[in-house]
file start34.cif (mmCIF, C-alpha atoms)
data_coords
loop_
_atom_site.group_PDB
_atom_site.id
_atom_site.type_symbol
_atom_site.label_atom_id
_atom_site.label_comp_id
_atom_site.auth_asym_id
_atom_site.auth_seq_id
_atom_site.Cartn_x
_atom_site.Cartn_y
_atom_site.Cartn_z
ATOM 1 C CA MET A 1 -10.740 1.382 -6.551
ATOM 2 C CA THR A 2 -11.744 3.128 -3.301
ATOM 3 C CA GLY A 3 -11.576 6.867 -2.618
ATOM 4 C CA GLU A 4 -8.635 6.191 -0.289
ATOM 5 C CA ASP A 5 -6.647 4.828 -3.236
ATOM 6 C CA GLN A 6 -7.279 7.860 -5.457
ATOM 7 C CA LEU A 7 -5.202 11.027 -5.551
ATOM 8 C CA ILE A 8 -5.892 14.403 -7.101
ATOM 9 C CA LEU A 9 -3.657 15.190 -10.077
ATOM 10 C CA VAL A 10 -2.856 18.899 -10.382
ATOM 11 C CA ASN A 11 -0.962 21.335 -12.555
ATOM 12 C CA GLU A 12 1.726 23.702 -11.278
ATOM 13 C CA ASN A 13 -1.012 26.114 -10.100
ATOM 14 C CA ASP A 14 -2.635 23.383 -7.955
ATOM 15 C CA GLU A 15 -5.617 23.208 -10.302
ATOM 16 C CA MET A 16 -7.152 19.752 -10.545
ATOM 17 C CA VAL A 17 -6.465 18.063 -13.898
ATOM 18 C CA GLY A 18 -7.611 14.557 -13.028
ATOM 19 C CA VAL A 19 -7.706 11.696 -10.564
ATOM 20 C CA GLY A 20 -5.530 8.619 -10.443
ATOM 21 C CA GLU A 21 -4.654 5.533 -8.462
ATOM 22 C CA LYS A 22 -2.091 6.207 -5.708
ATOM 23 C CA LEU A 23 0.535 3.581 -6.593
ATOM 24 C CA GLU A 24 0.318 4.287 -10.332
ATOM 25 C CA ILE A 25 0.795 8.018 -9.721
ATOM 26 C CA HIS A 26 3.870 7.313 -7.592
ATOM 27 C CA ARG A 27 5.267 4.883 -10.173
ATOM 28 C CA LYS A 28 4.960 7.501 -12.932
ATOM 29 C CA GLY A 29 5.930 10.483 -10.759
ATOM 30 C CA LEU A 30 2.807 12.478 -11.650
ATOM 31 C CA LEU A 31 2.205 15.812 -9.901
ATOM 32 C CA HIS A 32 -0.475 15.449 -7.236
ATOM 33 C CA ARG A 33 -1.914 17.399 -4.290
ATOM 34 C CA ALA A 34 -0.522 16.644 -0.835
ATOM 35 C CA PHE A 35 -0.079 18.198 2.586
ATOM 36 C CA SER A 36 2.595 18.094 5.271
ATOM 37 C CA ILE A 37 1.596 18.846 8.861
ATOM 38 C CA PHE A 38 3.952 20.279 11.462
ATOM 39 C CA ILE A 39 2.705 20.299 15.066
ATOM 40 C CA LEU A 40 4.683 22.556 17.402
ATOM 41 C CA ASP A 41 4.501 22.511 21.184
ATOM 42 C CA SER A 42 4.651 25.583 23.401
ATOM 43 C CA LEU A 43 8.463 25.356 23.436
ATOM 44 C CA GLY A 44 8.473 25.613 19.643
ATOM 45 C CA GLU A 45 9.587 22.005 19.206
ATOM 46 C CA LEU A 46 8.361 19.944 16.270
ATOM 47 C CA LEU A 47 6.554 16.646 16.801
ATOM 48 C CA LEU A 48 8.181 14.030 14.539
ATOM 49 C CA GLN A 49 7.044 10.522 13.680
ATOM 50 C CA ARG A 50 8.989 7.452 12.601
ATOM 51 C CA ARG A 51 7.064 5.866 9.741
ATOM 52 C CA ALA A 52 5.824 2.318 10.183
ATOM 53 C CA LEU A 53 7.913 -0.442 8.648
ATOM 54 C CA ASN A 54 5.006 -1.612 6.469
ATOM 55 C CA LYS A 55 4.583 1.702 4.605
ATOM 56 C CA TYR A 56 4.661 1.330 0.813
ATOM 57 C CA HIS A 57 7.588 3.750 0.613
ATOM 58 C CA SER A 58 10.048 5.364 3.007
ATOM 59 C CA PRO A 59 9.381 2.828 5.795
ATOM 60 C CA GLY A 60 11.118 3.341 9.132
ATOM 61 C CA LEU A 61 12.247 6.882 8.338
ATOM 62 C CA TRP A 62 11.709 9.926 10.556
ATOM 63 C CA SER A 63 9.332 12.519 9.152
ATOM 64 C CA ASN A 64 7.204 15.520 10.047
ATOM 65 C CA THR A 65 4.171 15.048 12.290
ATOM 66 C CA CYS A 66 1.886 13.782 9.543
ATOM 67 C CA CYS A 67 1.431 13.940 5.799
ATOM 68 C CA GLY A 68 -1.087 12.738 3.287
ATOM 69 C CA HIS A 69 -3.324 13.406 0.321
ATOM 70 C CA PRO A 70 -6.866 14.737 0.147
ATOM 71 C CA ARG A 71 -9.381 12.440 -1.519
ATOM 72 C CA PRO A 72 -11.179 13.651 -4.645
ATOM 73 C CA GLY A 73 -13.840 16.151 -3.535
ATOM 74 C CA GLU A 74 -12.426 16.437 0.005
ATOM 75 C CA PRO A 75 -11.310 19.890 1.233
ATOM 76 C CA LEU A 76 -7.594 20.081 2.051
ATOM 77 C CA MET A 77 -8.039 21.065 5.724
ATOM 78 C CA ALA A 78 -10.646 18.352 6.326
ATOM 79 C CA ALA A 79 -8.245 15.771 4.866
ATOM 80 C CA ALA A 80 -5.363 17.053 6.960
ATOM 81 C CA ARG A 81 -7.335 16.920 10.212
ATOM 82 C CA ARG A 82 -8.635 13.442 9.289
ATOM 83 C CA ARG A 83 -5.103 12.131 8.738
ATOM 84 C CA LEU A 84 -3.683 13.837 11.853
ATOM 85 C CA LYS A 85 -6.360 12.145 13.970
ATOM 86 C CA ALA A 86 -5.915 8.775 12.220
ATOM 87 C CA GLU A 87 -2.101 8.701 12.398
ATOM 88 C CA MET A 88 -1.301 10.567 15.615
ATOM 89 C CA GLY A 89 -4.576 10.688 17.565
ATOM 90 C CA LEU A 90 -4.417 14.497 17.649
ATOM 91 C CA ASP A 91 -7.042 17.061 16.754
ATOM 92 C CA CYS A 92 -6.060 20.720 16.586
ATOM 93 C CA GLN A 93 -6.549 23.745 14.405
ATOM 94 C CA LEU A 94 -4.225 23.910 11.413
ATOM 95 C CA THR A 95 -2.982 26.970 9.560
ATOM 96 C CA HIS A 96 -1.876 26.949 5.927
ATOM 97 C CA VAL A 97 1.550 28.646 5.833
ATOM 98 C CA GLY A 98 2.734 27.963 2.305
ATOM 99 C CA SER A 99 3.125 25.460 -0.494
ATOM 100 C CA PHE A 100 5.798 24.292 -2.892
ATOM 101 C CA ILE A 101 6.443 21.640 -5.532
ATOM 102 C CA TYR A 102 9.089 18.967 -5.212
ATOM 103 C CA ARG A 103 10.060 15.779 -7.038
ATOM 104 C CA GLN A 104 12.166 13.087 -5.350
ATOM 105 C CA ASN A 105 12.832 9.398 -5.864
ATOM 106 C CA VAL A 106 11.736 7.283 -2.907
ATOM 107 C CA SER A 107 12.160 3.602 -2.091
ATOM 108 C CA GLY A 108 10.740 0.842 -4.248
ATOM 109 C CA GLY A 109 11.254 2.703 -7.529
ATOM 110 C CA LEU A 110 8.530 5.209 -6.657
ATOM 111 C CA ILE A 111 8.624 8.961 -7.207
ATOM 112 C CA GLU A 112 7.094 11.637 -4.989
ATOM 113 C CA HIS A 113 6.063 14.591 -7.148
ATOM 114 C CA GLU A 114 3.857 16.741 -4.988
ATOM 115 C CA PHE A 115 2.240 20.110 -4.808
ATOM 116 C CA ASP A 116 2.738 20.098 -1.048
ATOM 117 C CA HIS A 117 0.679 22.352 1.232
ATOM 118 C CA LEU A 118 2.494 23.167 4.483
ATOM 119 C CA LEU A 119 0.252 23.231 7.559
ATOM 120 C CA ILE A 120 1.129 24.177 11.136
ATOM 121 C CA GLY A 121 -0.740 23.388 14.331
ATOM 122 C CA HIS A 122 0.015 23.741 18.021
ATOM 123 C CA SER A 123 -0.370 21.113 20.744
ATOM 124 C CA ASP A 124 1.441 20.047 23.911
ATOM 125 C CA LEU A 125 -0.368 16.702 24.013
ATOM 126 C CA ASP A 126 1.531 13.479 23.458
ATOM 127 C CA PRO A 127 0.302 11.606 20.383
ATOM 128 C CA THR A 128 -1.527 8.293 20.423
ATOM 129 C CA LEU A 129 0.123 6.493 17.526
ATOM 130 C CA ASN A 130 -1.662 4.334 14.993
ATOM 131 C CA LEU A 131 1.038 1.658 14.697
ATOM 132 C CA GLU A 132 0.028 0.948 11.091
ATOM 133 C CA GLU A 133 1.241 4.486 10.298
ATOM 134 C CA ALA A 134 3.941 5.420 12.834
ATOM 135 C CA VAL A 135 5.982 3.389 15.321
ATOM 136 C CA ARG A 136 7.727 6.116 17.357
ATOM 137 C CA TRP A 137 7.588 9.810 18.016
ATOM 138 C CA LYS A 138 9.850 12.491 19.434
ATOM 139 C CA ARG A 139 10.083 16.253 19.640
ATOM 140 C CA ALA A 140 13.006 18.293 18.361
ATOM 141 C CA ASN A 141 13.826 21.950 17.996
ATOM 142 C CA PHE A 142 14.597 23.053 14.466
ATOM 143 C CA GLU A 143 18.296 23.627 15.097
ATOM 144 C CA MET A 144 18.708 20.089 16.446
ATOM 145 C CA LEU A 145 16.633 18.662 13.588
ATOM 146 C CA ARG A 146 18.684 20.460 10.966
ATOM 147 C CA THR A 147 21.871 19.035 12.521
ATOM 148 C CA GLU A 148 20.421 15.500 12.669
ATOM 149 C CA ILE A 149 19.365 15.698 9.015
ATOM 150 C CA SER A 150 22.788 17.003 8.007
ATOM 151 C CA ASP A 151 24.594 14.246 9.933
ATOM 152 C CA HIS A 152 22.244 11.370 8.996
ATOM 153 C CA PRO A 153 20.106 12.270 5.952
ATOM 154 C CA GLU A 154 19.376 8.578 5.323
ATOM 155 C CA ASP A 155 17.286 8.494 8.527
ATOM 156 C CA PHE A 156 14.738 11.058 7.249
ATOM 157 C CA THR A 157 12.118 11.184 4.506
ATOM 158 C CA CYS A 158 13.109 13.020 1.351
ATOM 159 C CA TRP A 159 10.262 15.524 1.702
ATOM 160 C CA LEU A 160 11.249 16.466 5.261
ATOM 161 C CA ARG A 161 14.843 17.013 4.099
ATOM 162 C CA VAL A 162 13.620 19.244 1.248
ATOM 163 C CA ILE A 163 11.246 21.183 3.505
ATOM 164 C CA ILE A 164 13.878 21.808 6.181
ATOM 165 C CA ASP A 165 16.402 22.792 3.497
ATOM 166 C CA THR A 166 14.122 25.150 1.536
ATOM 167 C CA GLN A 167 11.185 26.158 3.771
ATOM 168 C CA LEU A 168 12.731 26.378 7.264
ATOM 169 C CA HIS A 169 12.180 30.143 7.477
ATOM 170 C CA ILE A 170 8.414 29.551 7.707
ATOM 171 C CA PHE A 171 8.788 27.225 10.680
ATOM 172 C CA SER A 172 11.429 29.261 12.491
ATOM 173 C CA HIS A 173 8.966 32.159 12.707
ATOM 174 C CA GLN A 174 6.130 29.885 13.888
ATOM 175 C CA SER A 175 8.436 28.218 16.426
ATOM 176 C CA LEU A 176 9.300 31.631 17.901
ATOM 177 C CA ILE A 177 5.595 32.493 18.174
ATOM 178 C CA ALA A 178 4.933 29.156 19.935
ATOM 179 C CA ARG A 179 7.798 29.727 22.400
ATOM 180 C CA GLN A 180 6.547 33.231 23.191
ATOM 181 C CA ALA A 181 3.011 31.935 23.757
ATOM 182 C CA GLY A 182 4.389 29.123 25.952
ATOM 183 C CA LYS A 183 6.221 31.614 28.150
ATOM 184 C CA ARG A 184 3.033 33.623 28.626
ATOM 185 C CA LEU A 185 1.154 30.437 29.540
ATOM 186 C CA GLY A 186 3.868 29.091 31.831
ATOM 187 C CA GLY A 187 5.317 26.472 29.489
ATOM 188 C CA PRO A 188 3.973 23.083 28.446
ATOM 189 C CA GLN A 189 0.861 21.863 30.213
ATOM 190 C CA GLU A 190 0.723 18.412 31.811
ATOM 191 C CA SER A 191 -1.751 16.066 30.164
#

call {"tool": "encode", "arguments": {"input": "start34.cif", "output": "structure tokens"}}
result
Amino acid sequence: MTGEDQLILVNENDEMVGVGEKLEIHRKGLLHRAFSIFILDSLGELLLQRRALNKYHSPGLWSNTCCGHPRPGEPLMAAARRRLKAEMGLDCQLTHVGSFIYRQNVSGGLIEHEFDHLLIGHSDLDPTLNLEEAVRWKRANFEMLRTEISDHPEDFTCWLRVIIDTQLHIFSHQSLIARQAGKRLGGPQES
């Protein structure tokens, strides 16, 4: 088993209690450490990805910019930046803005049960997709995203639906900050 296949099992205080194989953890629905990244542009719009069709769960669904799991012994922020670069070709500073626990059934009889760390970054650059991870991208403001999720929940990952439903206040504040900074800088920059 490689380090990429191992996840960090945690308790409800995010304290490590063990290590396990990724698919086995998702089959049993064991609580494990994860992160969800939200990249906002200077207009306060969220960069979304459509998951690749070959993903082991939730294929083809729209989701936040990037998500993943730190490897055993790997710091959370290092893991997040590694995955953001690998999936979306982006490298930017990330800020930890909160965390929460959720448990949801996903496709293939698997269960996501995560202690999910919410991370925000800012970039106006277009992503360079790794097609093994994501097949499309788009930007959306949070009001539009909330409406899309309400009208077509089946098109979005379960964790994005939960985050938008329960944690949106965190992102609304960050989106406002991004819009204000964008106005001071003259809006999005051409790349």

call {"tool": "resolve_selection", "arguments": {"input": "start34.cif", "expression": "the PyMOL selection byres ((chain A and resi 30-38) around 8)", "output": "ChimeraX atom specification"}}
result
/A:7-11,14,25-26,28-29,39-40,46-47,64-70,76,80,84,112-121

call {"tool": "write_last_selection", "arguments": {"input": "start34.cif", "atoms": "C-alpha atoms", "output": "PDB file, in the coordinates of the input"}}
result
ATOM      1  CA  LEU A   7      -5.202  11.027  -5.551  1.00  0.00           C
ATOM      2  CA  ILE A   8      -5.892  14.403  -7.101  1.00  0.00           C
ATOM      3  CA  LEU A   9      -3.657  15.190 -10.077  1.00  0.00           C
ATOM      4  CA  VAL A  10      -2.856  18.899 -10.382  1.00  0.00           C
ATOM      5  CA  ASN A  11      -0.962  21.335 -12.555  1.00  0.00           C
ATOM      6  CA  ASP A  14      -2.635  23.383  -7.955  1.00  0.00           C
ATOM      7  CA  ILE A  25       0.795   8.018  -9.721  1.00  0.00           C
ATOM      8  CA  HIS A  26       3.870   7.313  -7.592  1.00  0.00           C
ATOM      9  CA  LYS A  28       4.960   7.501 -12.932  1.00  0.00           C
ATOM     10  CA  GLY A  29       5.930  10.483 -10.759  1.00  0.00           C
ATOM     11  CA  ILE A  39       2.705  20.299  15.066  1.00  0.00           C
ATOM     12  CA  LEU A  40       4.683  22.556  17.402  1.00  0.00           C
ATOM     13  CA  LEU A  46       8.361  19.944  16.270  1.00  0.00           C
ATOM     14  CA  LEU A  47       6.554  16.646  16.801  1.00  0.00           C
ATOM     15  CA  ASN A  64       7.204  15.520  10.047  1.00  0.00           C
ATOM     16  CA  THR A  65       4.171  15.048  12.290  1.00  0.00           C
ATOM     17  CA  CYS A  66       1.886  13.782   9.543  1.00  0.00           C
ATOM     18  CA  CYS A  67       1.431  13.940   5.799  1.00  0.00           C
ATOM     19  CA  GLY A  68      -1.087  12.738   3.287  1.00  0.00           C
ATOM     20  CA  HIS A  69      -3.324  13.406   0.321  1.00  0.00           C
ATOM     21  CA  PRO A  70      -6.866  14.737   0.147  1.00  0.00           C
ATOM     22  CA  LEU A  76      -7.594  20.081   2.051  1.00  0.00           C
ATOM     23  CA  ALA A  80      -5.363  17.053   6.960  1.00  0.00           C
ATOM     24  CA  LEU A  84      -3.683  13.837  11.853  1.00  0.00           C
ATOM     25  CA  GLU A 112       7.094  11.637  -4.989  1.00  0.00           C
ATOM     26  CA  HIS A 113       6.063  14.591  -7.148  1.00  0.00           C
ATOM     27  CA  GLU A 114       3.857  16.741  -4.988  1.00  0.00           C
ATOM     28  CA  PHE A 115       2.240  20.110  -4.808  1.00  0.00           C
ATOM     29  CA  ASP A 116       2.738  20.098  -1.048  1.00  0.00           C
ATOM     30  CA  HIS A 117       0.679  22.352   1.232  1.00  0.00           C
ATOM     31  CA  LEU A 118       2.494  23.167   4.483  1.00  0.00           C
ATOM     32  CA  LEU A 119       0.252  23.231   7.559  1.00  0.00           C
ATOM     33  CA  ILE A 120       1.129  24.177  11.136  1.00  0.00           C
ATOM     34  CA  GLY A 121      -0.740  23.388  14.331  1.00  0.00           C
TER      35      GLY A 121
END

call {"tool": "axis_aligned_box", "arguments": {"input": "start34.cif", "around": "segment 159-173 of chain A", "padding_each_side": "5 Å", "output": "lines of an AutoDock Vina configuration file"}}
result
center_x = 12.4
center_y = 23.8
center_z = 7.0
size_x = 18.0
size_y = 26.6
size_z = 21.5

call {"tool": "resolve_selection", "arguments": {"input": "start34.cif", "expression": "the PyMOL selection byres ((chain A and resi 139) around 8)", "output": "compact mmCIF listing (two decimals) with C-alpha atoms, in the frame of the given file"}}
result
# COMPACT_ATOMS: atom_id res chain seq x y z
CA GLU A 45 9.59 22.00 19.21
CA LEU A 46 8.36 19.94 16.27
CA LEU A 47 6.55 16.65 16.80
CA LEU A 48 8.18 14.03 14.54
CA TRP A 137 7.59 9.81 18.02
CA LYS A 138 9.85 12.49 19.43
CA ALA A 140 13.01 18.29 18.36
CA ASN A 141 13.83 21.95 18.00

call {"tool": "atom_distance", "arguments": {"input": "start34.cif", "atom1": "atom CA of Gln104 of chain A", "atom2": "atom CA of Thr166 of chain A"}}
result
14.0 Å

call {"tool": "closest_residue", "arguments": {"input": "start34.cif", "among": "A:Met144, A:Arg81, A:Arg50, A:Glu132", "to": "Ser63 of chain A", "atoms": "all atoms listed in the file"}}
result
A:Arg50

call {"tool": "closest_residue", "arguments": {"input": "start34.cif", "among": "A:Asp126, A:Gln167, A:Met88, A:Lys22", "to": "Gln49 of chain A", "atoms": "all atoms listed in the file"}}
result
A:Met88

call {"tool": "closest_residue", "arguments": {"input": "start34.cif", "among": "A:Glu12, A:Gly20, A:Tyr56, A:Asp41", "to": "Leu110 of chain A", "atoms": "all atoms listed in the file"}}
result
A:Tyr56

call {"tool": "atom_distance", "arguments": {"input": "start34.cif", "atom1": "atom CA of Arg146 of chain A", "atom2": "atom CA of Tyr102 of chain A"}}
result
18.9 Å

call {"tool": "atom_distance", "arguments": {"input": "start34.cif", "atom1": "atom CA of Ser150 of chain A", "atom2": "atom CA of Leu90 of chain A"}}
result
29.0 Å

call {"tool": "closest_residue", "arguments": {"input": "start34.cif", "among": "A:Gly60, A:Pro153, A:Gly108, A:Pro72", "to": "Val135 of chain A", "atoms": "all atoms listed in the file"}}
result
A:Gly60

call {"tool": "closest_residue", "arguments": {"input": "start34.cif", "among": "A:Leu129, A:Leu53, A:Ile111, A:Val97", "to": "Leu168 of chain A", "atoms": "all atoms listed in the file"}}
result
A:Val97

call {"tool": "closest_residue", "arguments": {"input": "start34.cif", "among": "A:Leu131, A:Leu61, A:Cys92, A:Val17", "to": "Ile149 of chain A", "atoms": "only C-alpha atoms"}}
result
A:Leu61
